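K.L.:
PDB, C-alpha atoms and all ligand atoms, file coords01.pdb:
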ATOM      1  CA  MET A1461    -102.025 -35.741  12.885
ATOM      2  CA  SER A1462    -101.413 -32.017  12.575
ATOM      3  CA  LEU A1463    -101.036 -29.748   9.628
ATOM      4  CA  LEU A1464     -98.558 -26.890   9.523
ATOM      5  CA  VAL A1465     -99.092 -23.928   7.188
ATOM      6  CA  VAL A1466     -96.654 -21.094   6.616
ATOM      7  CA  GLY A1467     -97.678 -18.115   4.504
ATOM      8  CA  SER A1468     -99.237 -14.695   4.258
ATOM      9  CA  VAL A1469    -101.866 -13.267   6.586
ATOM     10  CA  ALA A1470    -102.947 -10.053   4.945
ATOM     11  CA  PHE A1471    -105.408  -7.302   4.272
ATOM     12  CA  ASP A1472    -106.751  -7.273   0.717
ATOM     13  CA  ALA A1473    -108.614  -4.743  -1.406
ATOM     14  CA  ILE A1474    -110.678  -6.534  -4.030
ATOM     15  CA  GLU A1475    -112.666  -5.303  -6.999
ATOM     16  CA  SER A1476    -114.833  -7.569  -9.135
ATOM     17  CA  PRO A1477    -117.913  -6.939 -11.302
ATOM     18  CA  TYR A1478    -119.935  -7.926  -8.224
ATOM     19  CA  GLY A1479    -118.581  -5.235  -5.925
ATOM     20  CA  LYS A1480    -115.608  -3.767  -4.169
ATOM     21  CA  VAL A1481    -114.060  -4.026  -0.721
ATOM     22  CA  ASP A1482    -111.279  -1.719   0.463
ATOM     23  CA  ARG A1483    -109.987  -3.789   3.339
ATOM     24  CA  ILE A1484    -110.824  -7.370   4.083
ATOM     25  CA  ILE A1485    -108.765 -10.009   5.827
ATOM     26  CA  GLY A1486    -106.949 -12.280   3.376
ATOM     27  CA  GLY A1487    -103.625 -13.949   2.753
ATOM     28  CA  ALA A1488    -102.841 -17.429   1.516
ATOM     29  CA  ALA A1489    -102.334 -18.880   5.010
ATOM     30  CA  THR A1490    -105.637 -17.413   6.192
ATOM     31  CA  TYR A1491    -107.689 -19.064   3.450
ATOM     32  CA  PHE A1492    -105.731 -22.291   3.793
ATOM     33  CA  ALA A1493    -106.075 -22.497   7.585
ATOM     34  CA  VAL A1494    -109.801 -21.791   7.658
ATOM     35  CA  ALA A1495    -110.488 -24.315   4.870
ATOM     36  CA  ALA A1496    -108.275 -27.032   6.399
ATOM     37  CA  SER A1497    -109.648 -26.556   9.915
ATOM     38  CA  PHE A1498    -112.881 -28.297   8.900
ATOM     39  CA  PHE A1499    -110.879 -31.526   8.726
ATOM     40  CA  THR A1500    -107.934 -31.370  11.113
ATOM     41  CA  HIS A1501    -105.854 -29.315  13.587
ATOM     42  CA  VAL A1502    -103.919 -26.550  11.871
ATOM     43  CA  ASN A1503    -100.684 -24.999  13.125
ATOM     44  CA  LEU A1504    -100.457 -21.508  11.647
ATOM     45  CA  VAL A1505     -97.172 -19.660  11.119
ATOM     46  CA  GLY A1506     -97.230 -16.126   9.739
ATOM     47  CA  ILE A1507     -96.630 -12.501  10.608
ATOM     48  CA  VAL A1508     -98.984  -9.566  11.215
ATOM     49  CA  GLY A1509     -98.527  -5.908  12.093
ATOM     50  CA  ASP A1510    -100.021  -3.945  14.964
ATOM     51  CA  ASP A1511    -102.936  -2.993  12.684
ATOM     52  CA  PHE A1512    -104.179  -6.598  13.046
ATOM     53  CA  SER A1513    -106.785  -6.344  15.810
ATOM     54  CA  GLU A1514    -108.376  -8.873  18.159
ATOM     55  CA  GLU A1515    -111.437  -8.605  15.944
ATOM     56  CA  ASP A1516    -109.369  -9.539  12.883
ATOM     57  CA  GLU A1517    -107.890 -12.517  14.691
ATOM     58  CA  ALA A1518    -111.421 -13.739  15.412
ATOM     59  CA  ILE A1519    -111.374 -15.442  11.999
ATOM     60  CA  PHE A1520    -109.119 -18.101  13.553
ATOM     61  CA  ARG A1521    -110.954 -18.419  16.863
ATOM     62  CA  GLY A1522    -113.464 -21.171  17.554
ATOM     63  CA  ARG A1523    -111.744 -23.339  14.961
ATOM     64  CA  LYS A1524    -109.048 -25.978  15.200
ATOM     65  CA  ILE A1525    -106.374 -23.376  14.436
ATOM     66  CA  ASP A1526    -103.393 -22.821  16.746
ATOM     67  CA  THR A1527    -102.109 -19.245  16.270
ATOM     68  CA  LEU A1528     -99.075 -19.585  18.528
ATOM     69  CA  GLY A1529     -96.897 -19.190  15.424
ATOM     70  CA  LEU A1530     -98.592 -15.965  14.324
ATOM     71  CA  GLU A1531     -95.891 -13.404  15.058
ATOM     72  CA  ARG A1532     -96.914  -9.826  15.872
ATOM     73  CA  THR A1533     -94.587  -6.974  15.172
ATOM     74  CA  ALA A1534     -94.637  -3.184  14.862
ATOM     75  CA  GLY A1535     -95.780  -2.022  11.427
ATOM     76  CA  LYS A1536     -98.512  -2.848   8.964
ATOM     77  CA  CYS A1537     -99.779  -6.186   7.669
ATOM     78  CA  PHE A1538     -99.009  -7.394   4.154
ATOM     79  CA  PHE A1539    -101.430  -5.603   1.815
ATOM     80  CA  TRP A1540    -102.556  -6.780  -1.601
ATOM     81  CA  ALA A1541    -105.046  -5.164  -4.006
ATOM     82  CA  GLY A1542    -106.441  -6.878  -7.078
ATOM     83  CA  LYS A1543    -109.073  -6.318  -9.736
ATOM     84  CA  TYR A1544    -110.936  -8.988 -11.714
ATOM     85  CA  SER A1545    -112.097  -8.813 -15.330
ATOM     86  CA  GLN A1546    -115.754  -8.974 -16.362
ATOM     87  CA  HIS A1547    -115.916 -12.774 -16.334
ATOM     88  CA  LEU A1548    -113.559 -13.154 -13.367
ATOM     89  CA  ASN A1549    -111.074 -15.139 -15.455
ATOM     90  CA  GLU A1550    -108.358 -12.492 -15.403
ATOM     91  CA  ARG A1551    -106.824 -10.744 -12.443
ATOM     92  CA  GLU A1552    -104.679  -7.673 -12.276
ATOM     93  CA  THR A1553    -102.570  -7.038  -9.191
ATOM     94  CA  LEU A1554    -102.862  -3.325  -8.417
ATOM     95  CA  VAL A1555    -100.824  -3.098  -5.221
ATOM     96  CA  THR A1556     -98.483  -5.357  -3.262
ATOM     97  CA  GLU A1557     -97.157  -3.804  -0.058
ATOM     98  CA  LEU A1558     -94.957  -6.275   1.790
ATOM     99  CA  ASN A1559     -94.833  -4.220   5.024
ATOM    100  CA  VAL A1560     -94.029  -6.564   7.966
ATOM    101  CA  PHE A1561     -93.855  -9.472   5.503
ATOM    102  CA  ALA A1562     -90.606  -8.022   4.090
ATOM    103  CA  ASP A1563     -88.645  -9.159   7.161
ATOM    104  CA  PHE A1564     -90.575 -12.371   7.730
ATOM    105  CA  ASN A1565     -88.306 -15.124   8.970
ATOM    106  CA  PRO A1566     -90.629 -17.944  10.011
ATOM    107  CA  LYS A1567     -89.886 -19.485  13.404
ATOM    108  CA  LEU A1568     -91.697 -22.663  14.340
ATOM    109  CA  PRO A1569     -92.836 -22.947  17.947
ATOM    110  CA  GLU A1570     -91.452 -26.130  19.518
ATOM    111  CA  LYS A1571     -94.798 -27.912  19.449
ATOM    112  CA  PHE A1572     -95.223 -27.281  15.695
ATOM    113  CA  ARG A1573     -91.959 -29.014  14.823
ATOM    114  CA  GLN A1574     -93.450 -32.474  14.656
ATOM    115  CA  SER A1575     -96.357 -31.632  12.340
ATOM    116  CA  SER A1576     -97.219 -34.653  10.206
ATOM    117  CA  HIS A1577     -98.300 -32.594   7.189
ATOM    118  CA  VAL A1578     -96.793 -29.337   5.942
ATOM    119  CA  PHE A1579     -98.104 -26.779   3.471
ATOM    120  CA  LEU A1580     -95.629 -24.163   2.292
ATOM    121  CA  ALA A1581     -97.815 -21.401   0.879
ATOM    122  CA  ASN A1582     -96.491 -18.926  -1.643
ATOM    123  CA  ILE A1583     -93.465 -17.252  -0.019
ATOM    124  CA  ALA A1584     -89.765 -16.988  -0.952
ATOM    125  CA  PRO A1585     -88.393 -20.502  -1.631
ATOM    126  CA  GLY A1586     -85.449 -19.811   0.688
ATOM    127  CA  LEU A1587     -87.897 -19.260   3.553
ATOM    128  CA  GLN A1588     -89.818 -22.408   2.597
ATOM    129  CA  THR A1589     -86.591 -24.437   2.892
ATOM    130  CA  GLY A1590     -85.859 -22.726   6.215
ATOM    131  CA  VAL A1591     -89.228 -23.914   7.526
ATOM    132  CA  LEU A1592     -88.588 -27.520   6.472
ATOM    133  CA  LYS A1593     -85.225 -27.454   8.260
ATOM    134  CA  GLN A1594     -87.027 -26.624  11.514
ATOM    135  CA  VAL A1595     -89.325 -29.637  11.268
ATOM    136  CA  THR A1596     -87.637 -32.296  13.379
ATOM    137  CA  ARG A1597     -89.301 -35.427  11.959
ATOM    138  CA  ARG A1598     -89.743 -36.008   8.221
ATOM    139  CA  PRO A1599     -93.413 -35.099   7.678
ATOM    140  CA  LYS A1600     -95.655 -37.665   6.022
ATOM    141  CA  LEU A1601     -96.510 -35.150   3.319
ATOM    142  CA  VAL A1602     -95.038 -31.804   2.268
ATOM    143  CA  ALA A1603     -96.913 -29.677  -0.278
ATOM    144  CA  LEU A1604     -95.817 -26.410  -1.821
ATOM    145  CA  ASP A1605     -97.330 -23.518  -3.729
ATOM    146  CA  THR A1606     -95.310 -20.898  -5.590
ATOM    147  CA  MET A1607     -95.799 -18.221  -8.234
ATOM    148  CA  ASN A1608     -94.250 -16.726 -11.376
ATOM    149  CA  TYR A1609     -92.328 -14.155  -9.298
ATOM    150  CA  TRP A1610     -90.235 -16.881  -7.581
ATOM    151  CA  ILE A1611     -89.989 -19.068 -10.700
ATOM    152  CA  GLU A1612     -88.416 -16.111 -12.536
ATOM    153  CA  ARG A1613     -86.330 -14.496  -9.788
ATOM    154  CA  THR A1614     -85.099 -17.308  -7.552
ATOM    155  CA  PRO A1615     -85.041 -20.454  -9.735
ATOM    156  CA  ALA A1616     -82.039 -22.000  -7.949
ATOM    157  CA  ASP A1617     -83.639 -21.568  -4.497
ATOM    158  CA  LEU A1618     -86.891 -23.002  -5.799
ATOM    159  CA  ARG A1619     -85.129 -26.056  -7.244
ATOM    160  CA  GLU A1620     -83.456 -26.663  -3.889
ATOM    161  CA  THR A1621     -86.785 -26.440  -2.043
ATOM    162  CA  LEU A1622     -88.566 -28.703  -4.516
ATOM    163  CA  LYS A1623     -86.136 -31.545  -3.716
ATOM    164  CA  HIS A1624     -87.900 -31.885  -0.337
ATOM    165  CA  VAL A1625     -91.494 -31.586  -1.556
ATOM    166  CA  ASP A1626     -93.998 -34.391  -2.201
ATOM    167  CA  VAL A1627     -96.882 -32.479  -3.785
ATOM    168  CA  LEU A1628     -96.521 -29.394  -5.951
ATOM    169  CA  MET A1629     -99.802 -27.430  -6.146
ATOM    170  CA  ILE A1630     -99.680 -24.650  -8.716
ATOM    171  CA  ASN A1631    -101.826 -23.217 -11.489
ATOM    172  CA  ASP A1632    -101.524 -24.111 -15.171
ATOM    173  CA  SER A1633     -99.480 -21.097 -16.299
ATOM    174  CA  GLU A1634     -97.013 -21.619 -13.446
ATOM    175  CA  THR A1635     -96.752 -25.318 -14.336
ATOM    176  CA  ARG A1636     -95.872 -24.423 -17.913
ATOM    177  CA  GLN A1637     -93.419 -21.739 -16.853
ATOM    178  CA  LEU A1638     -91.617 -23.982 -14.375
ATOM    179  CA  SER A1639     -91.288 -26.912 -16.768
ATOM    180  CA  ASN A1640     -90.954 -25.117 -20.112
ATOM    181  CA  GLU A1641     -93.560 -27.570 -21.398
ATOM    182  CA  HIS A1642     -97.001 -26.583 -22.661
ATOM    183  CA  ASN A1643     -98.485 -30.053 -22.368
ATOM    184  CA  LEU A1644     -99.351 -30.660 -18.698
ATOM    185  CA  LEU A1645     -98.471 -34.366 -18.795
ATOM    186  CA  LEU A1646     -95.015 -33.592 -20.167
ATOM    187  CA  ALA A1647     -94.769 -30.809 -17.608
ATOM    188  CA  ALA A1648     -95.546 -33.325 -14.853
ATOM    189  CA  ARG A1649     -92.810 -35.647 -16.099
ATOM    190  CA  HIS A1650     -90.352 -32.745 -15.921
ATOM    191  CA  ILE A1651     -91.508 -31.781 -12.419
ATOM    192  CA  PHE A1652     -91.134 -35.369 -11.117
ATOM    193  CA  LYS A1653     -87.399 -35.042 -11.884
ATOM    194  CA  LEU A1654     -87.196 -31.975  -9.630
ATOM    195  CA  GLY A1655     -88.511 -33.777  -6.541
ATOM    196  CA  PRO A1656     -92.312 -33.772  -6.186
ATOM    197  CA  GLN A1657     -93.890 -37.088  -7.139
ATOM    198  CA  THR A1658     -97.405 -35.624  -7.308
ATOM    199  CA  LEU A1659     -98.422 -32.574  -9.295
ATOM    200  CA  VAL A1660    -101.754 -30.862  -8.645
ATOM    201  CA  VAL A1661    -102.592 -28.275 -11.277
ATOM    202  CA  LYS A1662    -105.243 -25.751 -10.226
ATOM    203  CA  ARG A1663    -107.175 -24.627 -13.276
ATOM    204  CA  GLY A1664    -109.732 -22.191 -11.895
ATOM    205  CA  GLU A1665    -113.144 -22.589 -13.493
ATOM    206  CA  HIS A1666    -111.810 -25.690 -15.308
ATOM    207  CA  GLY A1667    -111.231 -27.616 -12.084
ATOM    208  CA  ALA A1668    -108.036 -29.357 -11.074
ATOM    209  CA  MET A1669    -105.830 -32.166 -12.339
ATOM    210  CA  MET A1670    -103.614 -34.474 -10.306
ATOM    211  CA  VAL A1671    -100.779 -36.361 -11.973
ATOM    212  CA  ASP A1672     -98.563 -38.975 -10.355
ATOM    213  CA  LYS A1673     -96.807 -42.156 -11.448
ATOM    214  CA  ARG A1674    -100.117 -44.045 -11.220
ATOM    215  CA  GLY A1675    -101.854 -41.781 -13.705
ATOM    216  CA  VAL A1676    -104.127 -38.776 -13.944
ATOM    217  CA  PHE A1677    -107.200 -37.770 -11.972
ATOM    218  CA  CYS A1678    -109.365 -34.739 -12.735
ATOM    219  CA  VAL A1679    -112.092 -32.953 -10.789
ATOM    220  CA  PRO A1680    -114.330 -30.263 -12.217
ATOM    221  CA  ALA A1681    -114.861 -26.915 -10.569
ATOM    222  CA  PHE A1682    -118.318 -26.872  -8.993
ATOM    223  CA  PRO A1683    -120.610 -25.099 -11.485
ATOM    224  CA  LEU A1684    -121.803 -21.847  -9.899
ATOM    225  CA  GLU A1685    -124.121 -19.320 -11.523
ATOM    226  CA  GLU A1686    -122.738 -16.342  -9.652
ATOM    227  CA  PRO A1687    -119.196 -16.615  -8.356
ATOM    228  CA  HIS A1688    -118.338 -13.269  -6.749
ATOM    229  CA  ASP A1689    -114.639 -13.230  -5.951
ATOM    230  CA  PRO A1690    -111.999 -15.843  -6.874
ATOM    231  CA  THR A1691    -109.459 -14.493  -4.355
ATOM    232  CA  GLY A1692    -108.103 -17.297  -2.215
ATOM    233  CA  ALA A1693    -109.778 -20.077  -4.203
ATOM    234  CA  GLY A1694    -106.427 -21.793  -4.819
ATOM    235  CA  ASP A1695    -105.422 -21.569  -1.168
ATOM    236  CA  SER A1696    -108.834 -22.834  -0.060
ATOM    237  CA  PHE A1697    -108.449 -25.709  -2.518
ATOM    238  CA  ALA A1698    -105.076 -26.499  -0.959
ATOM    239  CA  GLY A1699    -106.627 -26.271   2.526
ATOM    240  CA  GLY A1700    -109.394 -28.721   1.641
ATOM    241  CA  PHE A1701    -106.894 -31.066  -0.024
ATOM    242  CA  MET A1702    -104.255 -31.101   2.732
ATOM    243  CA  GLY A1703    -106.789 -30.844   5.560
ATOM    244  CA  TYR A1704    -108.605 -33.911   4.301
ATOM    245  CA  LEU A1705    -105.372 -35.923   3.923
ATOM    246  CA  ALA A1706    -104.133 -34.999   7.410
ATOM    247  CA  GLY A1707    -107.556 -35.750   8.896
ATOM    248  CA  CYS A1708    -107.977 -39.142   7.245
ATOM    249  CA  ARG A1709    -104.388 -40.256   8.020
ATOM    250  CA  SER A1710    -103.859 -41.748   4.605
ATOM    251  CA  SER A1711    -102.100 -40.865   1.352
ATOM    252  CA  SER A1712    -103.483 -43.780  -0.652
ATOM    253  CA  ASP A1713    -104.624 -43.218  -4.194
ATOM    254  CA  ALA A1714    -108.264 -43.309  -3.020
ATOM    255  CA  ALA A1715    -107.544 -40.729  -0.300
ATOM    256  CA  LEU A1716    -105.743 -38.440  -2.757
ATOM    257  CA  ARG A1717    -108.705 -38.579  -5.111
ATOM    258  CA  ARG A1718    -111.118 -37.689  -2.308
ATOM    259  CA  ALA A1719    -108.740 -34.891  -1.270
ATOM    260  CA  MET A1720    -109.032 -33.466  -4.799
ATOM    261  CA  VAL A1721    -112.806 -33.392  -4.409
ATOM    262  CA  TYR A1722    -112.649 -31.729  -0.977
ATOM    263  CA  GLY A1723    -110.181 -29.214  -2.423
ATOM    264  CA  SER A1724    -112.597 -28.363  -5.192
ATOM    265  CA  VAL A1725    -115.483 -28.173  -2.685
ATOM    266  CA  LEU A1726    -113.641 -25.657  -0.473
ATOM    267  CA  GLY A1727    -112.471 -23.641  -3.490
ATOM    268  CA  SER A1728    -116.047 -23.442  -4.754
ATOM    269  CA  PHE A1729    -117.358 -22.073  -1.453
ATOM    270  CA  ALA A1730    -114.519 -19.531  -1.260
ATOM    271  CA  VAL A1731    -115.580 -17.844  -4.521
ATOM    272  CA  GLU A1732    -119.233 -17.470  -3.538
ATOM    273  CA  GLU A1733    -118.639 -14.274  -1.541
ATOM    274  CA  PHE A1734    -115.997 -11.591  -1.154
ATOM    275  CA  GLY A1735    -112.822 -12.447   0.738
ATOM    276  CA  PRO A1736    -113.145 -15.350   3.182
ATOM    277  CA  GLU A1737    -116.729 -14.403   4.169
ATOM    278  CA  ARG A1738    -118.376 -17.549   2.811
ATOM    279  CA  LEU A1739    -115.774 -19.797   4.431
ATOM    280  CA  ARG A1740    -116.382 -18.081   7.763
ATOM    281  CA  LYS A1741    -120.056 -19.097   7.703
ATOM    282  CA  LEU A1742    -119.494 -22.529   6.223
ATOM    283  CA  LYS A1743    -120.703 -25.652   8.029
ATOM    284  CA  ARG A1744    -119.266 -29.135   7.795
ATOM    285  CA  SER A1745    -122.695 -30.425   6.713
ATOM    286  CA  GLU A1746    -122.572 -28.104   3.671
ATOM    287  CA  ILE A1747    -119.140 -29.470   2.744
ATOM    288  CA  ASN A1748    -120.454 -33.028   2.936
ATOM    289  CA  ALA A1749    -123.514 -32.179   0.861
ATOM    290  CA  ARG A1750    -121.412 -30.548  -1.855
ATOM    291  CA  ALA A1751    -118.982 -33.473  -1.913
ATOM    292  CA  ARG A1752    -121.972 -35.772  -2.526
ATOM    293  CA  HIS A1753    -123.042 -33.422  -5.297
ATOM    294  CA  PHE A1754    -119.629 -33.969  -6.939
ATOM    295  CA  LEU A1755    -120.407 -37.672  -7.079
ATOM    296  CA  LYS A1756    -123.530 -36.910  -9.082
ATOM    297  CA  LEU A1757    -121.651 -34.440 -11.264
ATOM    298  CA  THR A1758    -119.117 -36.987 -12.399
ATOM    299  CA  GLN A1759    -120.963 -40.315 -12.348
ATOM    300  CA  PHE A1760    -121.944 -42.050 -15.549
ATOM    301  CA  LYS A1761    -122.577 -45.498 -16.867
ATOM    302  CA  LEU A1762    -120.909 -47.212 -19.793
TER     303      LEU A1762
HETATM  304  P1  LIG B   1    -104.886 -16.628  -4.572
HETATM  305  O1  LIG B   1    -106.184 -16.023  -5.038
HETATM  306  O2  LIG B   1    -104.980 -18.082  -4.290
HETATM  307  O3  LIG B   1    -103.726 -16.243  -5.438
HETATM  308  O4  LIG B   1    -104.566 -15.986  -3.139
HETATM  309  C1  LIG B   1    -104.829 -14.656  -2.880
HETATM  310  C2  LIG B   1    -104.243 -14.291  -1.538
HETATM  311  O5  LIG B   1    -102.823 -14.323  -1.629
HETATM  312  C3  LIG B   1    -104.651 -12.882  -1.144
HETATM  313  O6  LIG B   1    -105.441 -12.941   0.016
HETATM  314  C4  LIG B   1    -103.341 -12.137  -0.947
HETATM  315  O7  LIG B   1    -103.290 -11.435   0.277
HETATM  316  C5  LIG B   1    -102.263 -13.196  -0.997
HETATM  317  N1  LIG B   1    -101.115 -12.769  -1.819
HETATM  318  C6  LIG B   1    -101.117 -12.045  -2.968
HETATM  319  N2  LIG B   1     -99.866 -11.858  -3.432
HETATM  320  C7  LIG B   1     -99.032 -12.498  -2.568
HETATM  321  C8  LIG B   1     -97.597 -12.665  -2.476
HETATM  322  N3  LIG B   1     -96.779 -12.134  -3.389
HETATM  323  N4  LIG B   1     -97.113 -13.391  -1.453
HETATM  324  C9  LIG B   1     -97.928 -13.936  -0.539
HETATM  325  N5  LIG B   1     -99.271 -13.803  -0.550
HETATM  326  C10 LIG B   1     -99.831 -13.093  -1.541
END
Please lay out the structure from this file as structure tokens.
Ligand code: AMP
P.N.:
Amino acid sequence: MSLLVVGSVAFDAIESPYGKVDRIIGGAATYFAVAASFFTHVNLVGIVGDDFSEEDEAIFRGRKIDTLGLERTAGKCFFWAGKYSQHLNERETLVTELNVFADFNPKLPEKFRQSSHVFLANIAPGLQTGVLKQVTRRPKLVALDTMNYWIERTPADLRETLKHVDVLMINDSETRQLSNEHNLLLAARHIFKLGPQTLVVKRGEHGAMMVDKRGVFCVPAFPLEEPHDPTGAGDSFAGGFMGYLAGCRSSSDAALRRAMVYGSVLGSFAVEEFGPERLRKLKRSEINARARHFLKLTQFKL
């Protein structure tokens, strides 16, 4: 089994009440790949500029991440700057510089074209469809993330892409915007008509909810006293979720529920330090221990 991810590899500037960094490696595909690589082989497709050094690329080395699809071109990497509110529950985007990302036209290396699992991180829906067209065998599972920008500006493209997606993984405000429904169960029913048969709603400090035809499953966010930086939590959640499913070679209801827990585990580690720093140091034994902790968190007797 192999897991393909297509998305941003970036430099971020982040400000939260716990500190400030002017330039740290980020990007949705970066968080996703590092998180997923604890469970399975990851095929990474993205684009970086010539300001992306060997040292920067070290984040992918020594892990099960194949960077053959990481295109290098003249120019600067995608740059994003954001600032968090006092309690980290609101985020303001200060700067988005597309740079080399503006002309990104993902090309899958031959050996990535048979990936069994695909995660289309937040990029233009037209590009997401273009990626799926290059996959030669229907993947076992295709998941997609998107954002308000694409929901508002390219709704027709997004609808076309969604027809080929199994799992939609978005946050609660995006779910409501896409479906025009406030109630998340009604929103799920609307989304099922667009293509995806599983909806995973990422709800930050309130955890995550999965809805499919069989019903609803919820996981809490791991309670942390001092989260430092929520950047990349959603992508790390997606990495834990998809990585686990690709690694365990199953999409049964039981596997999907465990994937939700591993998603929440990876998301919780991501927020403990700035940028992907905590994920870089993370050990598989810590993931297992936190997953066991989730059992305790949610177990009760009737
Ligand atoms: P998240 O906190 O899950 O929204 O992910 C944050 C990451 O997404 C950061 O590392 C950014 O570099 C990246 N990012 C921010 N805006 C965009 C965008 N418009 N397209 C692609 N990636 C983005």
K.L.:
Kindly work out which residues sit at most 6 Å from ligand LIG 1 (chain B), using all atoms listed in the file, and give the list as a PyMOL selection string.
P.N.:
chain A and resi 1468+1470+1472+1486-1488+1540+1582-1583+1691-1695
K.L.:
Run through the PyMOL selection byres (((chain A and resi 1748) around 12) and not hetatm) on the given coordinates and return the selected residues as a list in words.
P.N.:
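Matching residues under the PyMOL selection byres (((chain A and resi 1748) around 12) and not hetatm) are Phe1498, Phe1499, Gly1700, Tyr1704, Arg1718, Val1721, Tyr1722, Val1725, Leu1726, Leu1742, Lys1743, Arg1744, Ser1745, Glu1746, Ile1747, Ala1749, Arg1750, Ala1751, Arg1752, His1753, Phe1754 and Leu1755 of chain A.
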K.L.:
Once you have the residues from the selection above, write them out as a PDB file, in the coordinates of the input, restricted to C-alpha atoms.
P.N.:
ATOM      1  CA  PHE A1498    -112.881 -28.297   8.900  1.00  0.00           C
ATOM      2  CA  PHE A1499    -110.879 -31.526   8.726  1.00  0.00           C
ATOM      3  CA  GLY A1700    -109.394 -28.721   1.641  1.00  0.00           C
ATOM      4  CA  TYR A1704    -108.605 -33.911   4.301  1.00  0.00           C
ATOM      5  CA  ARG A1718    -111.118 -37.689  -2.308  1.00  0.00           C
ATOM      6  CA  VAL A1721    -112.806 -33.392  -4.409  1.00  0.00           C
ATOM      7  CA  TYR A1722    -112.649 -31.729  -0.977  1.00  0.00           C
ATOM      8  CA  VAL A1725    -115.483 -28.173  -2.685  1.00  0.00           C
ATOM      9  CA  LEU A1726    -113.641 -25.657  -0.473  1.00  0.00           C
ATOM     10  CA  LEU A1742    -119.494 -22.529   6.223  1.00  0.00           C
ATOM     11  CA  LYS A1743    -120.703 -25.652   8.029  1.00  0.00           C
ATOM     12  CA  ARG A1744    -119.266 -29.135   7.795  1.00  0.00           C
ATOM     13  CA  SER A1745    -122.695 -30.425   6.713  1.00  0.00           C
ATOM     14  CA  GLU A1746    -122.572 -28.104   3.671  1.00  0.00           C
ATOM     15  CA  ILE A1747    -119.140 -29.470   2.744  1.00  0.00           C
ATOM     16  CA  ALA A1749    -123.514 -32.179   0.861  1.00  0.00           C
ATOM     17  CA  ARG A1750    -121.412 -30.548  -1.855  1.00  0.00           C
ATOM     18  CA  ALA A1751    -118.982 -33.473  -1.913  1.00  0.00           C
ATOM     19  CA  ARG A1752    -121.972 -35.772  -2.526  1.00  0.00           C
ATOM     20  CA  HIS A1753    -123.042 -33.422  -5.297  1.00  0.00           C
ATOM     21  CA  PHE A1754    -119.629 -33.969  -6.939  1.00  0.00           C
ATOM     22  CA  LEU A1755    -120.407 -37.672  -7.079  1.00  0.00           C
TER      23      LEU A1755
END
K.L.:
Counting all atoms listed in the file, which residues in segment 1541-1594 of chain A sit no more than 12 Å from segment 1643-1666 of chain A? For each one, give the nearest pair of atoms and the distance in Å, sorted by chain then residue number, as a tab-separated table.
P.N.:
residue	atom	partner	partner_atom	distance
A:His1547	CA	A:Glu1665	CA	10.6
A:Leu1548	CA	A:Glu1665	CA	9.4
A:Asn1549	CA	A:Glu1665	CA	8.0
A:Glu1550	CA	A:Gly1664	CA	10.4
A:Arg1551	CA	A:Gly1664	CA	11.8
K.L.:
Between A:Ala1714, A:Pro1690, A:Ala1706, A:Thr1635, which one has atoms that come closest to Arg1674 of chain A, using only C-alpha atoms?
P.N.:
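Counting only C-alpha atoms, the residue closest to Arg1674 of chain A is A:Ala1714.
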K.L.:
Nearest residue to Arg1483 of chain A out of A:Ala1541, A:Cys1708, A:Val1676, A:Ile1611, using all atoms listed in the file?
P.N.:
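Of A:Ala1541, A:Cys1708, A:Val1676, A:Ile1611, the one nearest Arg1483 of chain A, counting all atoms listed in the file, is A:Ala1541.
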K.L.:
Write out as a PyMOL selection string each polymer residue whose atoms come within 8 Å of Leu1464 of chain A, counting only C-alpha atoms; drop sequence neighbours fewer than 2 positions from it.
P.N.:
chain A and resi 1462+1466+1502-1505+1572+1575-1579
K.L.:
Return the single residue from A:Gly1707, A:Gly1509, A:Leu1587, A:Leu1601 that is closest to Lys1524 of chain A, with distances computed using only C-alpha atoms.
P.N.:
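So, comparing all the options, the nearest one is A:Gly1707.
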K.L.:
Point out the residue among A:Leu1463, A:Ala1616, A:Val1481, A:Ala1681 with the least atom-to-atom distance to Pro1599 of chain A, counting only C-alpha atoms.
P.N.:
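Counting only C-alpha atoms, the residue closest to Pro1599 of chain A is A:Leu1463.
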K.L.:
I'd like the residues picked by the PyMOL selection byres (((chain A and resi 1732) around 6) and not hetatm) written out as an NGL selection string, using the chain letters and numbers from the file.
P.N.:
:A and (1687-1688 or 1729-1731 or 1733)
K.L.:
Enter the distance from atom CA of Ser1497 of chain A to atom CA of Pro1736 of chain A, in Å, rounded to one decimal.
P.N.:
13.5 Å
K.L.:
Skip Phe1539 of chain A itself and residues of its chain fewer than 2 positions away, then list as a PyMOL selection string all residues within 8 Å of it, counting all atoms listed in the file.
P.N.:
chain A and resi 1470-1473+1537+1541+1555-1559
K.L.:
Keeping only C-alpha atoms, take the residues you just selected and write them out as an mmCIF file, in the coordinates of the input.
P.N.:
data_model
loop_
_atom_site.group_PDB
_atom_site.id
_atom_site.type_symbol
_atom_site.label_atom_id
_atom_site.label_comp_id
_atom_site.auth_asym_id
_atom_site.auth_seq_id
_atom_site.Cartn_x
_atom_site.Cartn_y
_atom_site.Cartn_z
ATOM 1 C CA ALA A 1470 -102.947 -10.053 4.945
ATOM 2 C CA PHE A 1471 -105.408 -7.302 4.272
ATOM 3 C CA ASP A 1472 -106.751 -7.273 0.717
ATOM 4 C CA ALA A 1473 -108.614 -4.743 -1.406
ATOM 5 C CA CYS A 1537 -99.779 -6.186 7.669
ATOM 6 C CA ALA A 1541 -105.046 -5.164 -4.006
ATOM 7 C CA VAL A 1555 -100.824 -3.098 -5.221
ATOM 8 C CA THR A 1556 -98.483 -5.357 -3.262
ATOM 9 C CA GLU A 1557 -97.157 -3.804 -0.058
ATOM 10 C CA LEU A 1558 -94.957 -6.275 1.790
ATOM 11 C CA ASN A 1559 -94.833 -4.220 5.024
#
